[in-house]
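First comes the structure, then the notes that go with it.
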There are 2 protein chains.
Amino acid sequence: MEGALERTFELPSFAAALVFVNRVGELAESENHHPDIAISYRRVTLRWWTHTAGGITDRDRELAAMTNDLV
Amino acid sequence: MEGALERTFELPSFAAALVFVNRVGELAESENHHPDIAISYRRVTLRWWTHTAGGITDRDRELAAMTNDLV
């Protein structure tokens with residue numbers, strides 16, 4: 001992998017982090033494009049990249065931007 | 001961190017992975033002990049460890065065992 005669009009979101013609680021992850025999951029399913037997701041208590045790190053392209057594409061940028069609105 | 005109890009679960013789909021993560025999250029909340037969780041499409045990696053102990057405790061072993069029943 002050459003790179004990924006990575007952002008860490010800090011939520012108020014673990015429960016809130018899980019709600020956020022479920023929203024991201026819904027978006028990922030509807031767009032059929034899935035980020036790597038890491039949950040560490042109330043911190044959620046998303047990494048958007050495109051496996052078939054071996055790096056970041058416009059699709060990743062688009063989805064990452066949409067994710068920012070889900071917090 | 002000196003170590004963690006780590007296990008990767010392979011689920012049938014991303015949606016199933018998310019269902020599993022929600023089950024783990026419910027358990028974590030009810031037990032007030034939270035693993036690090038990584039989701040990579042349909043693979044879920046859990047890492048149980050105890051921050052205050054700087055490593056693995058009996059509590060981690062207990063929770064990890066309970067998690068295995070949630071798949």
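Please note that chains go A, B, ... in the order of the structure tokens, that every chain numbers its residues from 1, and that ligands are numbered from 1 in the order shown.
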What are the coordinates of chain B as a CSV table (one decimal) with N, CA, C and O atoms, in the first residue's frame following a least-squares fit to chain A on all in-order C-alpha atoms?
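Writing done, so here's part_14.csv:
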```
chain,number,residue,atom,x,y,z
B,1,MET,N,0.8,-1.2,0.0
B,1,MET,CA,0.0,0.0,0.0
B,1,MET,C,0.9,1.2,0.0
B,1,MET,O,1.8,1.4,0.8
B,2,GLU,N,0.6,2.2,-0.9
B,2,GLU,CA,1.4,3.4,-1.0
B,2,GLU,C,1.0,4.4,0.0
B,2,GLU,O,1.7,5.3,0.3
B,3,GLY,N,-0.3,4.4,0.4
B,3,GLY,CA,-0.8,5.4,1.3
B,3,GLY,C,-2.2,5.3,1.5
B,3,GLY,O,-2.9,4.5,0.9
B,4,ALA,N,-2.7,6.1,2.4
B,4,ALA,CA,-4.1,6.1,2.7
B,4,ALA,C,-4.5,7.5,3.3
B,4,ALA,O,-3.7,8.2,3.8
B,5,LEU,N,-5.8,7.8,3.1
B,5,LEU,CA,-6.3,9.0,3.8
B,5,LEU,C,-6.7,8.7,5.2
B,5,LEU,O,-7.6,7.9,5.4
B,6,GLU,N,-5.9,9.1,6.1
B,6,GLU,CA,-6.2,8.7,7.5
B,6,GLU,C,-6.7,9.9,8.4
B,6,GLU,O,-6.1,11.0,8.3
B,7,ARG,N,-7.7,9.6,9.2
B,7,ARG,CA,-8.1,10.6,10.1
B,7,ARG,C,-8.6,10.0,11.4
B,7,ARG,O,-9.3,9.0,11.4
B,8,THR,N,-8.2,10.6,12.5
B,8,THR,CA,-8.7,10.0,13.8
B,8,THR,C,-9.7,11.0,14.4
B,8,THR,O,-9.5,12.2,14.4
B,9,PHE,N,-10.9,10.4,14.8
B,9,PHE,CA,-12.0,11.1,15.3
B,9,PHE,C,-12.1,10.8,16.8
B,9,PHE,O,-12.0,9.7,17.2
B,10,GLU,N,-12.2,11.9,17.6
B,10,GLU,CA,-12.3,11.6,19.1
B,10,GLU,C,-13.8,11.9,19.5
B,10,GLU,O,-14.3,13.0,19.3
B,11,LEU,N,-14.5,10.8,19.9
B,11,LEU,CA,-15.9,10.9,20.3
B,11,LEU,C,-16.0,11.1,21.8
B,11,LEU,O,-15.1,10.9,22.5
B,12,PRO,N,-17.2,11.5,22.3
B,12,PRO,CA,-17.4,11.7,23.7
B,12,PRO,C,-17.3,10.4,24.5
B,12,PRO,O,-16.9,10.5,25.7
B,13,SER,N,-17.5,9.3,24.0
B,13,SER,CA,-17.6,8.0,24.7
B,13,SER,C,-17.4,6.8,23.8
B,13,SER,O,-17.4,7.0,22.6
B,14,PHE,N,-17.2,5.7,24.4
B,14,PHE,CA,-17.0,4.5,23.5
B,14,PHE,C,-18.4,4.2,22.8
B,14,PHE,O,-18.4,3.9,21.6
B,15,ALA,N,-19.5,4.4,23.5
B,15,ALA,CA,-20.8,4.2,22.9
B,15,ALA,C,-21.0,5.1,21.7
B,15,ALA,O,-21.4,4.7,20.6
B,16,ALA,N,-20.6,6.4,21.8
B,16,ALA,CA,-20.6,7.3,20.7
B,16,ALA,C,-19.7,6.9,19.6
B,16,ALA,O,-20.0,7.1,18.4
B,17,ALA,N,-18.6,6.4,19.9
B,17,ALA,CA,-17.6,5.9,18.9
B,17,ALA,C,-18.2,4.8,18.1
B,17,ALA,O,-18.1,4.8,16.9
B,18,LEU,N,-19.0,3.9,18.8
B,18,LEU,CA,-19.6,2.8,18.1
B,18,LEU,C,-20.7,3.3,17.2
B,18,LEU,O,-20.9,2.7,16.1
B,19,VAL,N,-21.5,4.2,17.6
B,19,VAL,CA,-22.5,4.8,16.8
B,19,VAL,C,-21.9,5.4,15.5
B,19,VAL,O,-22.4,5.2,14.4
B,20,PHE,N,-20.8,6.1,15.7
B,20,PHE,CA,-20.2,6.7,14.5
B,20,PHE,C,-19.7,5.6,13.6
B,20,PHE,O,-19.9,5.7,12.4
B,21,VAL,N,-19.1,4.6,14.1
B,21,VAL,CA,-18.6,3.5,13.3
B,21,VAL,C,-19.7,2.8,12.5
B,21,VAL,O,-19.6,2.5,11.3
B,22,ASN,N,-20.9,2.7,13.1
B,22,ASN,CA,-22.1,2.2,12.4
B,22,ASN,C,-22.5,3.1,11.3
B,22,ASN,O,-22.9,2.6,10.2
B,23,ARG,N,-22.5,4.4,11.5
B,23,ARG,CA,-22.8,5.3,10.5
B,23,ARG,C,-21.8,5.2,9.3
B,23,ARG,O,-22.2,5.2,8.1
B,24,VAL,N,-20.6,5.1,9.6
B,24,VAL,CA,-19.5,5.0,8.6
B,24,VAL,C,-19.8,3.7,7.9
B,24,VAL,O,-19.7,3.6,6.6
B,25,GLY,N,-20.1,2.6,8.6
B,25,GLY,CA,-20.4,1.3,8.0
B,25,GLY,C,-21.5,1.4,7.0
B,25,GLY,O,-21.5,0.7,6.0
B,26,GLU,N,-22.6,2.1,7.4
B,26,GLU,CA,-23.8,2.2,6.5
B,26,GLU,C,-23.4,2.9,5.2
B,26,GLU,O,-23.7,2.5,4.1
B,27,LEU,N,-22.6,4.0,5.4
B,27,LEU,CA,-22.1,4.7,4.2
B,27,LEU,C,-21.2,3.8,3.3
B,27,LEU,O,-21.4,3.7,2.1
B,28,ALA,N,-20.3,3.1,4.0
B,28,ALA,CA,-19.4,2.2,3.2
B,28,ALA,C,-20.2,1.1,2.5
B,28,ALA,O,-19.8,0.8,1.3
B,29,GLU,N,-21.2,0.6,3.1
B,29,GLU,CA,-22.0,-0.4,2.4
B,29,GLU,C,-22.8,0.2,1.2
B,29,GLU,O,-22.8,-0.4,0.1
B,30,SER,N,-23.4,1.3,1.4
B,30,SER,CA,-24.2,1.9,0.4
B,30,SER,C,-23.3,2.4,-0.8
B,30,SER,O,-23.7,2.4,-1.9
B,31,GLU,N,-22.1,2.7,-0.5
B,31,GLU,CA,-21.1,3.2,-1.6
B,31,GLU,C,-20.3,2.0,-2.1
B,31,GLU,O,-19.5,2.2,-3.0
B,32,ASN,N,-20.4,0.9,-1.4
B,32,ASN,CA,-19.5,-0.3,-1.7
B,32,ASN,C,-18.0,0.1,-1.7
B,32,ASN,O,-17.3,-0.3,-2.6
B,33,HIS,N,-17.6,0.8,-0.7
B,33,HIS,CA,-16.2,1.2,-0.5
B,33,HIS,C,-16.0,1.3,1.0
B,33,HIS,O,-16.6,2.1,1.6
B,34,HIS,N,-15.0,0.5,1.4
B,34,HIS,CA,-14.9,0.3,2.9
B,34,HIS,C,-13.5,0.7,3.4
B,34,HIS,O,-12.5,0.2,3.0
B,35,PRO,N,-13.5,1.6,4.4
B,35,PRO,CA,-12.3,2.0,5.0
B,35,PRO,C,-11.8,1.0,6.0
B,35,PRO,O,-12.6,0.2,6.5
B,36,ASP,N,-10.5,1.0,6.3
B,36,ASP,CA,-10.1,0.3,7.5
B,36,ASP,C,-10.5,1.2,8.7
B,36,ASP,O,-10.3,2.4,8.7
B,37,ILE,N,-10.9,0.5,9.7
B,37,ILE,CA,-11.5,1.2,10.9
B,37,ILE,C,-10.7,0.7,12.2
B,37,ILE,O,-10.7,-0.5,12.3
B,38,ALA,N,-10.3,1.6,13.0
B,38,ALA,CA,-9.7,1.2,14.3
B,38,ALA,C,-10.4,1.9,15.4
B,38,ALA,O,-10.5,3.1,15.3
B,39,ILE,N,-10.8,1.2,16.4
B,39,ILE,CA,-11.5,1.8,17.5
B,39,ILE,C,-10.6,1.5,18.8
B,39,ILE,O,-10.3,0.4,19.1
B,40,SER,N,-10.2,2.6,19.4
B,40,SER,CA,-9.5,2.5,20.6
B,40,SER,C,-10.2,3.4,21.7
B,40,SER,O,-10.1,4.6,21.7
B,41,TYR,N,-11.1,2.7,22.4
B,41,TYR,CA,-12.0,3.3,23.3
B,41,TYR,C,-12.9,4.4,22.6
B,41,TYR,O,-13.7,4.0,21.8
B,42,ARG,N,-12.6,5.7,22.8
B,42,ARG,CA,-13.5,6.6,22.2
B,42,ARG,C,-12.8,7.3,21.0
B,42,ARG,O,-13.3,8.3,20.5
B,43,ARG,N,-11.7,6.8,20.5
B,43,ARG,CA,-11.1,7.3,19.3
B,43,ARG,C,-11.3,6.3,18.2
B,43,ARG,O,-11.1,5.1,18.3
B,44,VAL,N,-11.6,6.9,17.0
B,44,VAL,CA,-11.9,6.0,15.8
B,44,VAL,C,-11.0,6.6,14.7
B,44,VAL,O,-11.0,7.7,14.4
B,45,THR,N,-10.2,5.7,14.2
B,45,THR,CA,-9.3,6.0,13.1
B,45,THR,C,-9.8,5.4,11.8
B,45,THR,O,-10.0,4.2,11.8
B,46,LEU,N,-10.0,6.2,10.8
B,46,LEU,CA,-10.4,5.7,9.5
B,46,LEU,C,-9.3,5.8,8.5
B,46,LEU,O,-8.6,6.9,8.5
B,47,ARG,N,-9.1,4.8,7.7
B,47,ARG,CA,-8.1,4.9,6.6
B,47,ARG,C,-8.8,4.5,5.3
B,47,ARG,O,-9.2,3.4,5.1
B,48,TRP,N,-8.9,5.5,4.5
B,48,TRP,CA,-9.5,5.3,3.1
B,48,TRP,C,-8.4,5.1,2.1
B,48,TRP,O,-7.5,5.9,2.0
B,49,TRP,N,-8.5,4.0,1.4
B,49,TRP,CA,-7.5,3.8,0.3
B,49,TRP,C,-8.2,2.8,-0.7
B,49,TRP,O,-9.2,2.1,-0.3
B,50,THR,N,-7.6,2.6,-1.8
B,50,THR,CA,-8.2,1.7,-2.8
B,50,THR,C,-7.2,0.6,-3.1
B,50,THR,O,-6.2,0.8,-3.7
B,51,HIS,N,-7.6,-0.6,-2.7
B,51,HIS,CA,-6.8,-1.8,-2.8
B,51,HIS,C,-6.3,-2.0,-4.2
B,51,HIS,O,-5.2,-2.2,-4.5
B,52,THR,N,-7.3,-1.9,-5.2
B,52,THR,CA,-7.0,-2.2,-6.6
B,52,THR,C,-6.0,-1.2,-7.2
B,52,THR,O,-5.3,-1.5,-8.1
B,53,ALA,N,-6.0,0.0,-6.6
B,53,ALA,CA,-5.2,1.1,-7.1
B,53,ALA,C,-3.8,1.2,-6.4
B,53,ALA,O,-2.9,1.9,-6.8
B,54,GLY,N,-3.8,0.4,-5.3
B,54,GLY,CA,-2.6,0.5,-4.4
B,54,GLY,C,-2.3,1.8,-3.8
B,54,GLY,O,-1.2,2.1,-3.4
B,55,GLY,N,-3.4,2.6,-3.6
B,55,GLY,CA,-3.2,3.9,-3.0
B,55,GLY,C,-4.5,4.7,-2.9
B,55,GLY,O,-5.6,4.1,-2.9
B,56,ILE,N,-4.3,6.0,-2.9
B,56,ILE,CA,-5.5,6.9,-2.7
B,56,ILE,C,-6.0,7.3,-4.1
B,56,ILE,O,-5.3,7.7,-5.0
B,57,THR,N,-7.4,7.3,-4.2
B,57,THR,CA,-8.0,7.7,-5.4
B,57,THR,C,-9.0,8.8,-5.1
B,57,THR,O,-9.3,9.1,-3.9
B,58,ASP,N,-9.6,9.4,-6.1
B,58,ASP,CA,-10.7,10.4,-5.9
B,58,ASP,C,-11.8,9.9,-5.1
B,58,ASP,O,-12.5,10.6,-4.3
B,59,ARG,N,-12.1,8.6,-5.3
B,59,ARG,CA,-13.2,7.9,-4.6
B,59,ARG,C,-12.9,8.0,-3.0
B,59,ARG,O,-13.8,8.2,-2.2
B,60,ASP,N,-11.7,7.8,-2.7
B,60,ASP,CA,-11.3,7.8,-1.3
B,60,ASP,C,-11.5,9.3,-0.7
B,60,ASP,O,-12.0,9.4,0.4
B,61,ARG,N,-11.1,10.2,-1.5
B,61,ARG,CA,-11.2,11.6,-1.1
B,61,ARG,C,-12.7,12.0,-0.9
B,61,ARG,O,-13.0,12.7,0.1
B,62,GLU,N,-13.5,11.5,-1.8
B,62,GLU,CA,-14.9,11.8,-1.8
B,62,GLU,C,-15.5,11.1,-0.5
B,62,GLU,O,-16.3,11.8,0.2
B,63,LEU,N,-15.2,9.9,-0.3
B,63,LEU,CA,-15.8,9.2,0.9
B,63,LEU,C,-15.3,9.7,2.2
B,63,LEU,O,-16.0,9.9,3.1
B,64,ALA,N,-14.0,10.1,2.2
B,64,ALA,CA,-13.4,10.7,3.4
B,64,ALA,C,-14.2,12.0,3.8
B,64,ALA,O,-14.5,12.2,4.9
B,65,ALA,N,-14.4,12.8,2.7
B,65,ALA,CA,-15.1,14.0,3.0
B,65,ALA,C,-16.6,13.8,3.5
B,65,ALA,O,-17.0,14.5,4.4
B,66,MET,N,-17.2,12.8,2.9
B,66,MET,CA,-18.6,12.4,3.4
B,66,MET,C,-18.5,12.0,4.9
B,66,MET,O,-19.4,12.2,5.6
B,67,THR,N,-17.5,11.2,5.2
B,67,THR,CA,-17.4,10.7,6.6
B,67,THR,C,-17.3,11.8,7.6
B,67,THR,O,-17.8,11.7,8.7
B,68,ASN,N,-16.6,12.9,7.2
B,68,ASN,CA,-16.4,14.0,8.1
B,68,ASN,C,-17.8,14.6,8.6
B,68,ASN,O,-17.9,15.2,9.6
B,69,ASP,N,-18.8,14.4,7.7
B,69,ASP,CA,-20.1,14.9,8.1
B,69,ASP,C,-20.9,14.0,9.0
B,69,ASP,O,-22.0,14.3,9.4
B,70,LEU,N,-20.4,12.8,9.3
B,70,LEU,CA,-21.1,11.8,10.0
B,70,LEU,C,-20.9,11.9,11.5
B,70,LEU,O,-21.6,11.3,12.3
B,71,VAL,N,-19.9,12.7,11.9
B,71,VAL,CA,-19.6,12.8,13.4
B,71,VAL,C,-20.7,13.5,14.1
B,71,VAL,O,-21.3,14.4,13.7
```
*Using the chain letters and numbers from this document, which residues of chain A does DSSP assign to helix (DSSP H, G or I), as an MDAnalysis selection string?*
chainID A and resid 14:31 51:53 58:68
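Of all the residues in region 25-56 of chain A, the ones DSSP labels as strand (DSSP E or B) from the backbone are Asp36, Ile37, Ala38, Ile39, Ser40, Arg43, Val44, Thr45, Leu46, Arg47, Trp48, Thr50 and Gly55 of chain A.
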